[in-house]
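Colleague: Mind looking over this structure? Questions follow.
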Amino acid sequence: MKSCLIVIDVQESFRHRPYSTERDMAPYLAAQNVLIEGCVAADVPVVRVLHSDGPEVAGNPFALASGHVRPLEGLAEFPPAATFTKHRHSALVGTGLDVWLTQNGIGKIIVSGIRTEQCCETTTRHAWDSGWEVDYVLDATLTYDMVQPDGRPLLAADIKARTATVLEGRFAHVCTVPEALGRLG
């Protein structure tokens, strides 16, 4: 089955949000870069997806006018097989990515990027429900601590554990970078 790596929202915009922290950035980028380099070496197409939304003003880090809707510094350079800009959580809504995947005979997508529980998880669920097999590479995703509705903190590690729990066996095969690279075919 032909695979494709999707690198979702790995962009400078996040570094300009109030919740941003560099705490988990180095291990995330190390994992993401190994995954990209492994896929490139195996001739697996790598697709870049960027996110743009909100008012189109320079002060909005997700607006094109901000200059931050560009690859995250520290991300391995790669020749994208295609680049899409999305305006919703799922990379498959309104981008043409679904058409590109179908036209290129892709049967399995490998999901990576920022944020674990938002765009990466939403794209995974959407892809599975649309008929693609999905490898969700947990260590090649990044998220940030959040505050629960009752005011209690929810740590990024707990968010990642929750995402792995709800996706595994239902919407994806949750795996590590070495496992994902070992599953390339």
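Please note that chains go A, B, ... in the order of the structure tokens, that every chain numbers its residues from 1, and that ligands are numbered from 1 in the order shown.
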Which residues are near stretch 23-29 of chain A? Cut-off 8 Å, only C-alpha atoms, ignore same chain within fewer than 5 positions. Put them as an MDAnalysis selection string.

Modeller: chainID A and resid 74:75 139:142

Colleague: Kindly assemble as a Markdown table a list of the stretch 34-99 of chain A residues that lie within 6 Å of stretch 111-135 of chain A, each paired with its nearest atom pair and their distance in Å to one decimal, using only C-alpha atoms, sorted first by chain and then by ascending residue number.

Modeller:
| residue | atom | partner | partner_atom | distance |
| --- | --- | --- | --- | --- |
| A:His89 | CA | A:Cys119 | CA | 4.6 |
| A:Ser90 | CA | A:Thr123 | CA | 4.3 |
| A:Ala91 | CA | A:Thr123 | CA | 5.6 |

Colleague: Just asking: which residues within stretch 22-176 of chain A are helix (DSSP H, G or I) according to DSSP, as a PyMOL selection string?

Modeller: chain A and resi 25-41+64-66+97-103+116-129+156-167

Colleague: Taking only C-alpha atoms into account, name the residue in A:Glu77, A:Asp158, A:Asp9, A:Glu168 that is nearest to A:Ile36.

Modeller: A:Glu77

Colleague: Record the distance separating atom CA of A:Leu50 and atom CA of A:Gly38, expressed in Å with one decimal.

Modeller: 21.2 Å

Colleague: When distances are computed from only C-alpha atoms, which of A:Leu92, A:Val99, A:Leu5, A:Ala58 shows the smallest separation from A:Phe78?

Modeller: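 Closest to A:Phe78, using only C-alpha atoms: A:Leu5.
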
Colleague: So which one's closest to A:Leu167, A:Leu35, A:Leu138, A:Glu179, A:Thr143? Using only C-alpha atoms, please.

Modeller: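 Closest candidate: A:Leu138.
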
Colleague: To test your reading of the structure, identify every residue in stretch 31-159 of chain A that backbone DSSP assigns to strand (DSSP E or B), and report it as a PyMOL selection string.

Modeller: chain A and resi 46-51+71+82-86+108-114+133-142+146-147+153-154

Colleague: With only C-alpha atoms as the basis for distance, which of A:Ala42, A:Val7, A:Ala30, A:Ala65 is at the shortest distance from A:Gly182?

Modeller: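 Residue with the minimum atom-to-atom distance to A:Gly182: A:Ala42.
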